[in-house]
$ cat model.cif   # mmCIF, C-alpha atoms
data_work
loop_
_atom_site.label_atom_id
_atom_site.label_comp_id
_atom_site.auth_asym_id
_atom_site.auth_seq_id
_atom_site.Cartn_x
_atom_site.Cartn_y
_atom_site.Cartn_z
CA MET A 1 0.00 0.00 0.00
CA ARG A 2 1.48 3.34 -1.08
CA LEU A 3 -0.04 6.63 0.06
CA ALA A 4 0.89 10.16 -0.98
CA ILE A 5 0.29 12.93 1.57
CA ASP A 6 0.41 16.70 1.25
CA ALA A 7 2.54 17.52 4.29
CA MET A 8 2.07 21.28 3.92
CA GLY A 9 -1.75 21.38 3.87
CA GLY A 10 -3.77 22.29 6.95
CA ASP A 11 -3.66 24.58 9.96
CA HIS A 12 -1.11 22.47 11.83
CA ALA A 13 1.13 21.40 8.94
CA PRO A 14 3.62 19.95 8.70
CA LYS A 15 3.93 18.84 12.36
CA GLU A 16 0.60 17.05 12.83
CA ILE A 17 0.77 15.55 9.33
CA VAL A 18 4.19 14.06 10.01
CA LEU A 19 3.18 12.76 13.45
CA GLY A 20 0.05 11.16 12.00
CA ALA A 21 2.06 9.53 9.24
CA MET A 22 4.51 8.02 11.74
CA ASP A 23 1.60 6.69 13.81
CA ALA A 24 0.09 5.13 10.70
CA VAL A 25 3.16 3.20 9.53
CA SER A 26 3.56 1.80 13.05
CA GLU A 27 -0.05 0.56 13.10
CA ILE A 28 -0.76 -0.49 9.50
CA ASP A 29 1.13 -3.38 7.94
CA ASN A 30 2.82 -3.00 4.56
CA LEU A 31 2.13 0.74 4.40
CA THR A 32 4.52 3.13 2.69
CA ILE A 33 3.95 6.88 2.86
CA THR A 34 5.45 9.62 0.72
CA LEU A 35 5.30 13.09 2.27
CA PHE A 36 5.32 15.96 -0.22
CA GLY A 37 6.54 19.30 1.09
CA ASP A 38 9.42 21.39 2.36
CA GLU A 39 12.11 18.90 3.40
CA ASN A 40 13.73 21.45 5.71
CA GLN A 41 10.53 21.66 7.75
CA ILE A 42 9.57 17.99 7.56
CA LYS A 43 12.88 16.27 8.27
CA PRO A 44 13.40 17.58 11.84
CA LEU A 45 9.92 16.29 12.76
CA LEU A 46 10.48 12.83 11.28
CA THR A 47 11.97 10.90 14.19
CA ASP A 48 11.25 7.52 12.58
CA THR A 49 11.85 7.15 8.84
CA LYS A 50 10.57 3.59 8.60
CA ASN A 51 8.43 3.29 5.44
CA ILE A 52 8.30 7.08 5.05
CA GLU A 53 10.04 9.11 2.38
CA ILE A 54 10.08 12.83 1.62
CA ILE A 55 9.71 14.42 -1.80
CA HIS A 56 10.85 18.03 -1.56
CA THR A 57 8.58 20.70 -3.02
CA ASP A 58 9.16 24.44 -2.89
CA GLU A 59 5.61 25.70 -3.44
CA VAL A 60 2.50 25.61 -1.24
CA ILE A 61 -1.14 26.17 -2.18
CA THR A 62 -2.67 28.22 0.64
CA SER A 63 -6.27 28.65 1.72
CA ASP A 64 -6.25 32.10 0.10
CA ASP A 65 -5.27 30.82 -3.36
CA GLU A 66 -7.88 30.59 -6.12
CA PRO A 67 -8.12 26.79 -6.58
CA VAL A 68 -8.02 26.29 -10.36
CA ARG A 69 -5.40 28.99 -10.96
CA ALA A 70 -3.22 27.67 -8.14
CA VAL A 71 -3.28 24.09 -9.44
CA ARG A 72 -2.34 25.28 -12.94
CA ARG A 73 0.40 27.68 -11.85
CA LYS A 74 1.93 25.99 -8.81
CA LYS A 75 3.06 22.81 -10.55
CA ASN A 76 5.68 22.12 -7.88
CA SER A 77 3.34 22.56 -4.94
CA SER A 78 3.00 19.74 -2.42
CA LEU A 79 -0.67 19.23 -3.32
CA VAL A 80 -0.17 19.03 -7.10
CA ARG A 81 2.90 16.81 -6.82
CA MET A 82 0.95 14.51 -4.52
CA ALA A 83 -1.89 14.19 -7.05
CA LYS A 84 0.60 13.63 -9.86
CA ALA A 85 2.12 10.71 -7.94
CA VAL A 86 -1.30 9.04 -7.89
CA LYS A 87 -1.88 9.76 -11.57
CA GLU A 88 1.47 8.20 -12.51
CA GLY A 89 0.87 5.09 -10.42
CA GLU A 90 3.48 5.94 -7.79
CA ALA A 91 0.80 5.98 -5.07
CA ASP A 92 -2.53 4.22 -4.62
CA ALA A 93 -4.32 7.12 -2.91
CA CYS A 94 -3.67 10.60 -1.54
CA ILE A 95 -4.59 12.79 1.44
CA SER A 96 -4.53 16.54 2.04
CA ALA A 97 -5.80 18.81 4.81
CA GLY A 98 -5.23 21.85 2.60
CA ASN A 99 -7.34 23.96 0.25
CA THR A 100 -10.50 21.94 -0.54
CA GLY A 101 -11.12 23.60 -3.88
CA ALA A 102 -7.54 23.04 -4.98
CA LEU A 103 -7.69 19.38 -3.97
CA MET A 104 -10.90 19.03 -5.96
CA SER A 105 -9.29 20.73 -8.97
CA ALA A 106 -6.18 18.57 -8.73
CA GLY A 107 -8.38 15.51 -8.48
CA LEU A 108 -10.28 16.46 -11.64
CA PHE A 109 -7.44 17.84 -13.76
CA VAL A 110 -4.58 15.58 -12.63
CA ILE A 111 -6.08 12.30 -11.40
CA GLY A 112 -9.29 12.37 -13.45
CA ARG A 113 -12.84 11.06 -13.01
CA ILE A 114 -14.24 7.55 -13.08
CA PRO A 115 -15.89 7.05 -16.51
CA GLY A 116 -19.63 7.55 -16.16
CA ILE A 117 -19.40 9.80 -13.12
CA ASP A 118 -20.32 13.33 -14.14
CA ARG A 119 -19.27 15.11 -10.96
CA PRO A 120 -17.32 13.88 -7.94
CA ALA A 121 -18.85 14.45 -4.50
CA LEU A 122 -17.31 15.57 -1.22
CA SER A 123 -18.44 13.02 1.35
CA PRO A 124 -17.73 13.19 5.10
CA THR A 125 -18.90 10.70 7.69
CA LEU A 126 -20.79 12.59 10.39
CA PRO A 127 -21.57 11.51 13.98
CA THR A 128 -24.93 10.18 15.13
CA ILE A 129 -26.50 9.69 18.55
CA ASP A 130 -25.91 5.93 18.41
CA GLY A 131 -22.23 6.46 17.59
CA LYS A 132 -22.38 4.67 14.25
CA GLY A 133 -22.31 7.77 12.03
CA PHE A 134 -23.71 8.38 8.56
CA LEU A 135 -22.28 9.43 5.21
CA MET A 136 -23.51 12.63 3.56
CA LEU A 137 -22.79 13.67 0.01
CA ASP A 138 -22.37 16.13 -1.59
CA VAL A 139 -21.34 18.77 0.97
CA GLY A 140 -19.83 21.31 -1.37
CA ALA A 141 -17.90 19.91 -4.30
CA ASN A 142 -20.70 21.07 -6.64
CA VAL A 143 -23.24 23.66 -5.56
CA ASP A 144 -25.53 22.79 -8.48
CA ALA A 145 -26.66 19.29 -9.38
CA LYS A 146 -29.00 17.33 -11.60
CA ALA A 147 -31.11 14.39 -10.47
CA SER A 148 -28.74 11.98 -12.21
CA HIS A 149 -25.85 13.38 -10.18
CA LEU A 150 -27.70 12.60 -6.95
CA VAL A 151 -28.23 9.04 -8.17
CA GLN A 152 -24.50 8.74 -8.78
CA TYR A 153 -23.81 10.12 -5.29
CA ALA A 154 -26.18 7.53 -3.82
CA ILE A 155 -24.47 4.64 -5.61
CA MET A 156 -20.98 5.79 -4.59
CA GLY A 157 -22.04 6.39 -1.00
CA SER A 158 -23.73 3.02 -0.76
CA ILE A 159 -20.66 1.21 -2.08
CA TYR A 160 -18.35 3.07 0.32
CA SER A 161 -20.62 2.37 3.30
CA GLU A 162 -20.74 -1.33 2.49
CA LYS A 163 -17.07 -1.84 1.59
CA VAL A 164 -15.33 0.47 4.08
CA ARG A 165 -17.83 1.09 6.87
CA LYS A 166 -18.96 -2.56 6.78
CA ILE A 167 -22.69 -1.79 6.72
CA SER A 168 -24.71 -4.55 5.10
CA ASN A 169 -27.27 -3.24 2.60
CA PRO A 170 -26.90 0.42 3.75
CA THR A 171 -30.02 2.57 3.68
CA VAL A 172 -30.00 5.64 1.44
CA GLY A 173 -32.16 8.71 2.07
CA LEU A 174 -32.74 11.86 0.03
CA LEU A 175 -32.44 15.08 2.07
CA ASN A 176 -35.69 16.97 1.65
CA VAL A 177 -38.15 19.34 3.32
CA GLY A 178 -40.52 16.52 4.17
CA THR A 179 -40.59 12.72 4.25
CA GLU A 180 -43.63 12.28 2.02
CA GLU A 181 -43.16 11.30 -1.62
CA GLY A 182 -43.78 14.29 -3.88
CA LYS A 183 -42.25 16.80 -1.47
CA GLY A 184 -39.54 19.24 -2.45
CA ASN A 185 -38.42 21.16 -5.50
CA GLU A 186 -38.01 19.98 -9.09
CA LEU A 187 -34.56 18.53 -8.35
CA THR A 188 -35.62 16.38 -5.41
CA LYS A 189 -38.82 15.19 -7.13
CA LYS A 190 -36.87 14.00 -10.18
CA ALA A 191 -34.15 12.49 -8.00
CA PHE A 192 -36.72 10.61 -5.92
CA GLU A 193 -38.13 8.87 -9.00
CA GLN A 194 -34.67 7.94 -10.31
CA LEU A 195 -33.42 6.76 -6.91
CA LYS A 196 -36.32 4.31 -6.69
CA ASP A 197 -34.89 2.48 -9.73
CA ALA A 198 -31.22 2.66 -8.69
CA PRO A 199 -29.32 -0.43 -7.39
CA ILE A 200 -29.42 0.81 -3.78
CA ASN A 201 -31.53 0.41 -0.65
CA PHE A 202 -33.44 3.67 -1.11
CA ILE A 203 -35.80 4.44 1.80
CA GLY A 204 -37.20 7.76 0.54
CA ASN A 205 -36.95 11.32 1.83
CA VAL A 206 -35.31 12.24 5.14
CA GLU A 207 -35.46 15.57 6.97
CA ALA A 208 -32.44 17.45 8.31
CA ARG A 209 -33.70 17.25 11.90
CA ASP A 210 -33.52 13.44 11.77
CA ILE A 211 -30.14 12.80 10.16
CA LEU A 212 -28.17 12.85 13.45
CA ASN A 213 -30.55 10.13 14.63
CA ARG A 214 -29.24 8.08 11.68
CA ALA A 215 -32.37 8.35 9.61
CA ALA A 216 -30.27 6.71 6.87
CA ASP A 217 -26.76 5.31 6.52
CA VAL A 218 -26.24 7.49 3.43
CA VAL A 219 -27.87 10.89 2.91
CA VAL A 220 -27.68 12.43 -0.57
CA THR A 221 -28.23 16.04 -1.56
CA ASP A 222 -26.85 18.77 -3.80
CA GLY A 223 -23.64 20.48 -2.67
CA PHE A 224 -25.36 23.76 -1.82
CA SER A 225 -27.84 22.20 0.61
CA GLY A 226 -25.28 19.72 1.89
CA ASN A 227 -22.76 22.41 2.76
CA ILE A 228 -25.38 24.43 4.63
CA ALA A 229 -26.42 21.32 6.58
CA LEU A 230 -22.80 20.45 7.39
CA LYS A 231 -21.91 23.95 8.58
CA THR A 232 -25.10 24.09 10.65
CA ILE A 233 -24.22 20.82 12.38
CA GLU A 234 -20.65 21.99 13.07
CA GLY A 235 -21.79 25.39 14.35
CA THR A 236 -24.49 23.91 16.57
CA ALA A 237 -22.04 21.48 18.19
CA GLN A 238 -19.54 24.26 18.87
CA THR A 239 -22.26 26.49 20.32
CA ILE A 240 -23.58 23.77 22.63
CA PHE A 241 -20.13 23.08 24.08
CA THR A 242 -19.49 26.80 24.52
CA LEU A 243 -22.79 27.19 26.39
CA LEU A 244 -22.04 24.16 28.56
CA LYS A 245 -18.60 25.53 29.43
CA ASP A 246 -20.01 28.96 30.29
CA THR A 247 -22.69 27.37 32.47
CA PHE A 248 -20.29 25.13 34.37
CA MET A 249 -17.88 28.01 35.00
CA SER A 250 -20.56 30.43 36.20
CA SER A 251 -20.38 29.70 39.94
CA THR A 252 -18.63 27.65 42.60
CA LYS A 253 -21.53 25.19 42.66
CA THR A 254 -21.45 24.58 38.92
CA LYS A 255 -17.64 24.29 38.94
CA ILE A 256 -17.95 21.48 41.47
CA ALA A 257 -20.59 19.86 39.24
CA ALA A 258 -18.25 20.22 36.26
CA GLY A 259 -15.56 18.33 38.13
CA LEU A 260 -17.98 15.49 38.82
CA VAL A 261 -19.06 15.09 35.19
CA LYS A 262 -15.74 15.98 33.55
CA ASN A 263 -15.07 12.49 32.19
CA ASP A 264 -18.65 12.13 30.94
CA LEU A 265 -18.40 15.44 29.07
CA ARG A 266 -15.09 14.38 27.56
CA GLY A 267 -16.74 11.18 26.36
CA LEU A 268 -19.55 13.19 24.79
CA LYS A 269 -17.07 15.44 23.02
CA ASN A 270 -15.15 12.43 21.70
CA LYS A 271 -18.40 10.96 20.41
CA LEU A 272 -18.84 14.07 18.27
CA ASP A 273 -15.18 14.26 17.25
CA TYR A 274 -14.65 14.34 13.48
CA SER A 275 -11.16 12.85 13.90
CA GLU A 276 -12.69 9.47 14.75
CA TYR A 277 -14.19 9.22 11.24
CA GLY A 278 -11.23 10.34 9.12
CA GLY A 279 -11.70 12.84 6.33
CA ALA A 280 -14.15 13.51 3.55
CA GLY A 281 -13.75 11.31 0.52
CA LEU A 282 -13.83 12.87 -2.94
CA PHE A 283 -15.87 10.07 -4.48
CA GLY A 284 -15.96 9.70 -8.24
CA LEU A 285 -12.27 10.22 -8.95
CA ALA A 286 -10.10 7.57 -10.59
CA ALA A 287 -8.29 6.88 -7.29
CA PRO A 288 -9.12 7.44 -3.61
CA VAL A 289 -8.64 11.08 -2.58
CA ILE A 290 -9.26 12.08 1.05
CA LYS A 291 -9.78 15.67 2.24
CA ALA A 292 -8.78 15.80 5.90
CA HIS A 293 -10.21 18.57 8.07
CA GLY A 294 -8.16 21.76 7.95
CA SER A 295 -7.61 21.69 11.71
CA SER A 296 -6.61 18.01 11.75
CA ASN A 297 -4.33 16.82 14.52
CA ARG A 298 -2.20 13.66 14.35
CA ARG A 299 -5.18 11.51 15.38
CA ALA A 300 -7.35 12.89 12.58
CA ILE A 301 -4.54 12.32 10.07
CA LEU A 302 -4.17 8.74 11.30
CA SER A 303 -7.91 8.20 10.84
CA ALA A 304 -7.77 9.66 7.31
CA ILE A 305 -4.86 7.35 6.45
CA LYS A 306 -6.81 4.34 7.75
CA GLN A 307 -9.76 5.49 5.65
CA ALA A 308 -7.65 5.67 2.48
CA ASP A 309 -6.08 2.31 3.31
CA HIS A 310 -9.52 0.69 3.58
CA MET A 311 -10.70 2.27 0.34
CA VAL A 312 -7.73 0.84 -1.56
CA LYS A 313 -7.81 -2.59 0.06
CA HIS A 314 -11.55 -2.98 -0.53
CA HIS A 315 -11.39 -1.76 -4.14
CA VAL A 316 -13.96 0.99 -3.64
CA THR A 317 -13.00 2.88 -6.80
CA ASP A 318 -13.11 -0.25 -8.97
CA THR A 319 -16.48 -1.26 -7.52
CA ILE A 320 -17.94 2.16 -8.26
CA LYS A 321 -16.60 1.94 -11.79
CA THR A 322 -18.04 -1.49 -12.52
CA THR A 323 -21.39 -0.61 -10.92
CA VAL A 324 -21.75 2.56 -12.98
CA GLU A 325 -20.81 0.68 -16.13
CA SER A 326 -23.48 -1.96 -15.50
CA ILE A 327 -26.46 0.38 -15.18
CA GLU A 328 -28.15 3.02 -17.26
CA LEU A 329 -28.45 6.17 -15.17
CA GLY A 330 -31.41 8.40 -15.86
CA LYS A 331 -30.74 11.80 -17.46
CA GLU A 332 -32.83 14.94 -17.52
#

$ encode --input "model.cif" --output "C-alpha cells"
Amino acid sequence: MRLAIDAMGGDHAPKEIVLGAMDAVSEIDNLTITLFGDENQIKPLLTDTKNIEIIHTDEVITSDDEPVRAVRRKKNSSLVRMAKAVKEGEADACISAGNTGALMSAGLFVIGRIPGIDRPALSPTLPTIDGKGFLMLDVGANVDAKASHLVQYAIMGSIYSEKVRKISNPTVGLLNVGTEEGKGNELTKKAFEQLKDAPINFIGNVEARDILNRAADVVVTDGFSGNIALKTIEGTAQTIFTLLKDTFMSSTKTKIAAGLVKNDLRGLKNKLDYSEYGGAGLFGLAAPVIKAHGSSNRRAILSAIKQADHMVKHHVTDTIKTTVESIELGKE
C-alpha cells in the first residue's frame, strides 16, 4: 500500500501531518507513505523514517489561493505533486488537509474522473447519537446538481458504506423538506423517481432534523444544501459546548458539578469528534482522494490514512466503476 500525503496542507502542517504519518506506519502493515513538502521543515519532525520518504517541493497552495489557478500555476506545490504521484501510479491514494477547492481541482485535472461519473462528490462521515455515524454527500464539491448526479452520489455512498464502513445493505435517504413522496423542488422530485430504480436500498426522503438520529446510513443532496447542513451541524455542536462551558464556569456550585461530570463530558465530546471518522472522501475520482479537516491533529490524520487504506484494500473505486458501467443512469 502506497499513500501520498500533502505535508504542507492544513492549519497544523507539517507537524501534525508528520506525526500522524509516523503513527500510521507503526499501526498499519505493509504501508509506505510519501510526504510531499518542504524537506527542511519535515525532516526535523520525522523521528522515525521507517516506510516514510520525503519528496521536496518548494511551493505551497494556501487557503487564500484561487483553486483552479493555483493548481495550474503551482506545478511544484505539495498538493499538485501529490496528485501527480497518484496519476502516474506511484501511489494508490492521496490525502490533504489543505485547500479543498484546490484538492478538488487537482483531483479532476490531474487524477481524473471515473468514466460515467459526471461530478465527484465531497463526502464526510458525520456523527450520530448511536455512535455509528452516517455518510452525507455532496457537501460542497458542486453547488448545483442534476437528479442523475444525486443518483451517482447515492451509488458511490452506498458502495463506500458497504465496503469500508462494513454496513450490510446500507439505507439511502434523500435530504428533503418533508418525508412524504412528492415533497420538495423539481430537483428532489426527479431524483426521488430515479433513486427508486437505482441499485441501492433507497428508503425515501429524510429531513435534516432526523439525520443525526441516523435516519439513513447514506444521505444524498446537492452540494449547496449539503454544505449548509454540514456547517449548521458543526456550528451547533460548537455552540452547545461553549454554552455548557459557560454554564459550568458560572459559579462555585457549577464548577464542582463540572468536576464530577468531567469524564462524561469528555466522552460526549469524543463521540462528536470528526477525527474518529477520518476525512471527507472525494468520491468519483479515478483513485481514492481524502480531504482531511483543515484543523486536523495527528489523530485525525491517522484516521484519514486508515480510511484511504480501507478504500484501496476494498477496491472501492473499482467497484464504483463497474457498478456505474453496469447500469443506465437516468438523465434529464

$ resolve_selection --input "model.cif" --expression "the PyMOL selection byres ((chain A and resi 54) around 7)" --output "MDAnalysis selection string"
chainID A and resid 34:36 39 52:53 55:56

$ atom_distance --input "model.cif" --atom1 "CA of Glu88 (chain A)" --atom2 "CA of Phe109 (chain A)"
13.2 Å

$ closest_residue --input "model.cif" --among "A:Arg113, A:Thr171, A:Gly279, A:Glu186" --to "Lys321 (chain A)" --atoms "all atoms listed in the file"
A:Arg113

$ resolve_selection --input "model.cif" --expression "the PyMOL selection byres ((chain A and resi 106-108) around 10)" --output "ChimeraX atom specification"
/A:67-68,70-72,79-84,86-87,94,100-105,109-114,119-120,282,284-289

$ write_last_selection --input "model.cif" --atoms "C-alpha atoms" --output "mmCIF file, in the frame of the given file"
data_model
loop_
_atom_site.group_PDB
_atom_site.id
_atom_site.type_symbol
_atom_site.label_atom_id
_atom_site.label_comp_id
_atom_site.auth_asym_id
_atom_site.auth_seq_id
_atom_site.Cartn_x
_atom_site.Cartn_y
_atom_site.Cartn_z
ATOM 1 C CA PRO A 67 -8.120 26.790 -6.580
ATOM 2 C CA VAL A 68 -8.020 26.290 -10.360
ATOM 3 C CA ALA A 70 -3.220 27.670 -8.140
ATOM 4 C CA VAL A 71 -3.280 24.090 -9.440
ATOM 5 C CA ARG A 72 -2.340 25.280 -12.940
ATOM 6 C CA LEU A 79 -0.670 19.230 -3.320
ATOM 7 C CA VAL A 80 -0.170 19.030 -7.100
ATOM 8 C CA ARG A 81 2.900 16.810 -6.820
ATOM 9 C CA MET A 82 0.950 14.510 -4.520
ATOM 10 C CA ALA A 83 -1.890 14.190 -7.050
ATOM 11 C CA LYS A 84 0.600 13.630 -9.860
ATOM 12 C CA VAL A 86 -1.300 9.040 -7.890
ATOM 13 C CA LYS A 87 -1.880 9.760 -11.570
ATOM 14 C CA CYS A 94 -3.670 10.600 -1.540
ATOM 15 C CA THR A 100 -10.500 21.940 -0.540
ATOM 16 C CA GLY A 101 -11.120 23.600 -3.880
ATOM 17 C CA ALA A 102 -7.540 23.040 -4.980
ATOM 18 C CA LEU A 103 -7.690 19.380 -3.970
ATOM 19 C CA MET A 104 -10.900 19.030 -5.960
ATOM 20 C CA SER A 105 -9.290 20.730 -8.970
ATOM 21 C CA PHE A 109 -7.440 17.840 -13.760
ATOM 22 C CA VAL A 110 -4.580 15.580 -12.630
ATOM 23 C CA ILE A 111 -6.080 12.300 -11.400
ATOM 24 C CA GLY A 112 -9.290 12.370 -13.450
ATOM 25 C CA ARG A 113 -12.840 11.060 -13.010
ATOM 26 C CA ILE A 114 -14.240 7.550 -13.080
ATOM 27 C CA ARG A 119 -19.270 15.110 -10.960
ATOM 28 C CA PRO A 120 -17.320 13.880 -7.940
ATOM 29 C CA LEU A 282 -13.830 12.870 -2.940
ATOM 30 C CA GLY A 284 -15.960 9.700 -8.240
ATOM 31 C CA LEU A 285 -12.270 10.220 -8.950
ATOM 32 C CA ALA A 286 -10.100 7.570 -10.590
ATOM 33 C CA ALA A 287 -8.290 6.880 -7.290
ATOM 34 C CA PRO A 288 -9.120 7.440 -3.610
ATOM 35 C CA VAL A 289 -8.640 11.080 -2.580
#

$ resolve_selection --input "model.cif" --expression "the PyMOL selection byres ((chain A and resi 188-205) around 7)" --output "compact mmCIF listing (two decimals) with C-alpha atoms, in the coordinates of the input"
# COMPACT_ATOMS: atom_id res chain seq x y z
CA ALA A 147 -31.11 14.39 -10.47
CA SER A 148 -28.74 11.98 -12.21
CA LEU A 150 -27.70 12.60 -6.95
CA VAL A 151 -28.23 9.04 -8.17
CA ILE A 155 -24.47 4.64 -5.61
CA SER A 158 -23.73 3.02 -0.76
CA ASN A 169 -27.27 -3.24 2.60
CA PRO A 170 -26.90 0.42 3.75
CA THR A 171 -30.02 2.57 3.68
CA VAL A 172 -30.00 5.64 1.44
CA GLY A 173 -32.16 8.71 2.07
CA LEU A 174 -32.74 11.86 0.03
CA LEU A 175 -32.44 15.08 2.07
CA ASN A 176 -35.69 16.97 1.65
CA GLY A 178 -40.52 16.52 4.17
CA THR A 179 -40.59 12.72 4.25
CA GLU A 180 -43.63 12.28 2.02
CA GLY A 182 -43.78 14.29 -3.88
CA LYS A 183 -42.25 16.80 -1.47
CA GLY A 184 -39.54 19.24 -2.45
CA ASN A 185 -38.42 21.16 -5.50
CA GLU A 186 -38.01 19.98 -9.09
CA LEU A 187 -34.56 18.53 -8.35
CA VAL A 206 -35.31 12.24 5.14
CA GLU A 207 -35.46 15.57 6.97
CA GLY A 330 -31.41 8.40 -15.86

$ atom_distance --input "model.cif" --atom1 "CA of Arg299 (chain A)" --atom2 "CA of Gln41 (chain A)"
20.2 Å

$ residues_around --input "model.cif" --residues "Ala21 (chain A)" --least-positions-apart "5" --cutoff "8 Å" --atoms "all atoms listed in the file" --output "PyMOL selection string"
chain A and resi 33+52+298+301-302+305

$ closest_residue --input "model.cif" --among "A:Thr242, A:Ser326, A:Asn213, A:Ser296" --to "Pro127 (chain A)" --atoms "all atoms listed in the file"
A:Asn213

$ atom_distance --input "model.cif" --atom1 "CA of Leu126 (chain A)" --atom2 "CA of Ala4 (chain A)"
24.6 Å

$ closest_residue --input "model.cif" --among "A:Ile211, A:Val18, A:Ala24, A:Met249" --to "Ser303 (chain A)" --atoms "only C-alpha atoms"
A:Ala24

$ residues_around --input "model.cif" --residues "Gly10 (chain A)" --least-positions-apart "4" --cutoff "10 Å" --atoms "all atoms listed in the file" --output "VMD selection string"
chain A and resid 6 14 16 to 17 62 to 63 96 to 99 292 to 297

$ residues_near_point --input "model.cif" --point "(-16.7, 4.0, -2.5)" --cutoff "9 Å" --atoms "only C-alpha atoms" --output "list in words"
Ile155, Met156, Gly157, Ser158, Ile159, Tyr160, Ser161, Glu162, Lys163, Val164, Gly281, Phe283, Gly284, Pro288, Met311, His314, His315, Val316, Thr317, Asp318, Thr319 and Ile320 of chain A

$ residues_around --input "model.cif" --residues "region 132-145 of chain A" --least-positions-apart "5" --cutoff "6 Å" --atoms "all atoms listed in the file" --output "PyMOL selection string"
chain A and resi 121-127+217-224+226-227

$ write_last_selection --input "model.cif" --atoms "C-alpha atoms" --output "CSV table (one decimal), in the coordinates of the input"
chain,number,residue,atom,x,y,z
A,121,ALA,CA,-18.8,14.4,-4.5
A,122,LEU,CA,-17.3,15.6,-1.2
A,123,SER,CA,-18.4,13.0,1.4
A,124,PRO,CA,-17.7,13.2,5.1
A,125,THR,CA,-18.9,10.7,7.7
A,126,LEU,CA,-20.8,12.6,10.4
A,127,PRO,CA,-21.6,11.5,14.0
A,217,ASP,CA,-26.8,5.3,6.5
A,218,VAL,CA,-26.2,7.5,3.4
A,219,VAL,CA,-27.9,10.9,2.9
A,220,VAL,CA,-27.7,12.4,-0.6
A,221,THR,CA,-28.2,16.0,-1.6
A,222,ASP,CA,-26.8,18.8,-3.8
A,223,GLY,CA,-23.6,20.5,-2.7
A,224,PHE,CA,-25.4,23.8,-1.8
A,226,GLY,CA,-25.3,19.7,1.9
A,227,ASN,CA,-22.8,22.4,2.8

$ closest_residue --input "model.cif" --among "A:Leu46, A:Ile240, A:Ile117, A:Met8" --to "Val324 (chain A)" --atoms "all atoms listed in the file"
A:Ile117

$ residues_around --input "model.cif" --residues "Val60 (chain A)" --least-positions-apart "2" --cutoff "9 Å" --atoms "only C-alpha atoms" --output "PyMOL selection string"
chain A and resi 8-9+37-38+57-58+62+74+76-79

$ write_last_selection --input "model.cif" --atoms "C-alpha atoms" --output "short mmCIF file (atom, residue, chain, number, x, y, z; two decimals), in the frame of the given file"
data_model
loop_
_atom_site.label_atom_id
_atom_site.label_comp_id
_atom_site.auth_asym_id
_atom_site.auth_seq_id
_atom_site.Cartn_x
_atom_site.Cartn_y
_atom_site.Cartn_z
CA MET A 8 2.07 21.28 3.92
CA GLY A 9 -1.75 21.38 3.87
CA GLY A 37 6.54 19.30 1.09
CA ASP A 38 9.42 21.39 2.36
CA THR A 57 8.58 20.70 -3.02
CA ASP A 58 9.16 24.44 -2.89
CA THR A 62 -2.67 28.22 0.64
CA LYS A 74 1.93 25.99 -8.81
CA ASN A 76 5.68 22.12 -7.88
CA SER A 77 3.34 22.56 -4.94
CA SER A 78 3.00 19.74 -2.42
CA LEU A 79 -0.67 19.23 -3.32
#

$ closest_residue --input "model.cif" --among "A:Lys15, A:Ile290, A:Gln238, A:Ile61" --to "Arg73 (chain A)" --atoms "only C-alpha atoms"
A:Ile61

$ closest_residue --input "model.cif" --among "A:Thr322, A:Leu230, A:Val312, A:Ile256" --to "Leu3 (chain A)" --atoms "only C-alpha atoms"
A:Val312

$ decode --input "model.cif" --residues "region 98-109 of chain A" --atoms "N, CA and C atoms" --output "PDB file, in the first residue's frame"
ATOM      1  N   GLY A  98      -5.351  20.495   3.128  1.00  0.00           N
ATOM      2  CA  GLY A  98      -5.230  21.850   2.601  1.00  0.00           C
ATOM      3  C   GLY A  98      -6.483  22.360   1.908  1.00  0.00           C
ATOM      4  N   ASN A  99      -6.282  23.275   0.985  1.00  0.00           N
ATOM      5  CA  ASN A  99      -7.341  23.964   0.246  1.00  0.00           C
ATOM      6  C   ASN A  99      -8.282  22.953  -0.437  1.00  0.00           C
ATOM      7  N   THR A 100      -9.537  22.924  -0.015  1.00  0.00           N
ATOM      8  CA  THR A 100     -10.499  21.942  -0.539  1.00  0.00           C
ATOM      9  C   THR A 100     -10.718  22.108  -2.035  1.00  0.00           C
ATOM     10  N   GLY A 101     -10.897  23.355  -2.465  1.00  0.00           N
ATOM     11  CA  GLY A 101     -11.118  23.602  -3.884  1.00  0.00           C
ATOM     12  C   GLY A 101      -9.941  23.184  -4.732  1.00  0.00           C
ATOM     13  N   ALA A 102      -8.739  23.428  -4.233  1.00  0.00           N
ATOM     14  CA  ALA A 102      -7.535  23.043  -4.977  1.00  0.00           C
ATOM     15  C   ALA A 102      -7.404  21.529  -5.051  1.00  0.00           C
ATOM     16  N   LEU A 103      -7.743  20.849  -3.952  1.00  0.00           N
ATOM     17  CA  LEU A 103      -7.688  19.382  -3.975  1.00  0.00           C
ATOM     18  C   LEU A 103      -8.701  18.834  -4.968  1.00  0.00           C
ATOM     19  N   MET A 104      -9.881  19.432  -5.003  1.00  0.00           N
ATOM     20  CA  MET A 104     -10.897  19.031  -5.961  1.00  0.00           C
ATOM     21  C   MET A 104     -10.406  19.255  -7.391  1.00  0.00           C
ATOM     22  N   SER A 105      -9.800  20.407  -7.640  1.00  0.00           N
ATOM     23  CA  SER A 105      -9.293  20.727  -8.973  1.00  0.00           C
ATOM     24  C   SER A 105      -8.177  19.778  -9.374  1.00  0.00           C
ATOM     25  N   ALA A 106      -7.263  19.500  -8.446  1.00  0.00           N
ATOM     26  CA  ALA A 106      -6.181  18.565  -8.734  1.00  0.00           C
ATOM     27  C   ALA A 106      -6.732  17.170  -8.994  1.00  0.00           C
ATOM     28  N   GLY A 107      -7.754  16.799  -8.246  1.00  0.00           N
ATOM     29  CA  GLY A 107      -8.379  15.509  -8.475  1.00  0.00           C
ATOM     30  C   GLY A 107      -8.966  15.394  -9.868  1.00  0.00           C
ATOM     31  N   LEU A 108      -9.642  16.459 -10.313  1.00  0.00           N
ATOM     32  CA  LEU A 108     -10.280  16.458 -11.635  1.00  0.00           C
ATOM     33  C   LEU A 108      -9.266  16.563 -12.766  1.00  0.00           C
ATOM     34  N   PHE A 109      -8.349  17.533 -12.656  1.00  0.00           N
ATOM     35  CA  PHE A 109      -7.435  17.840 -13.756  1.00  0.00           C
ATOM     36  C   PHE A 109      -6.218  16.923 -13.809  1.00  0.00           C
TER      37      PHE A 109
END
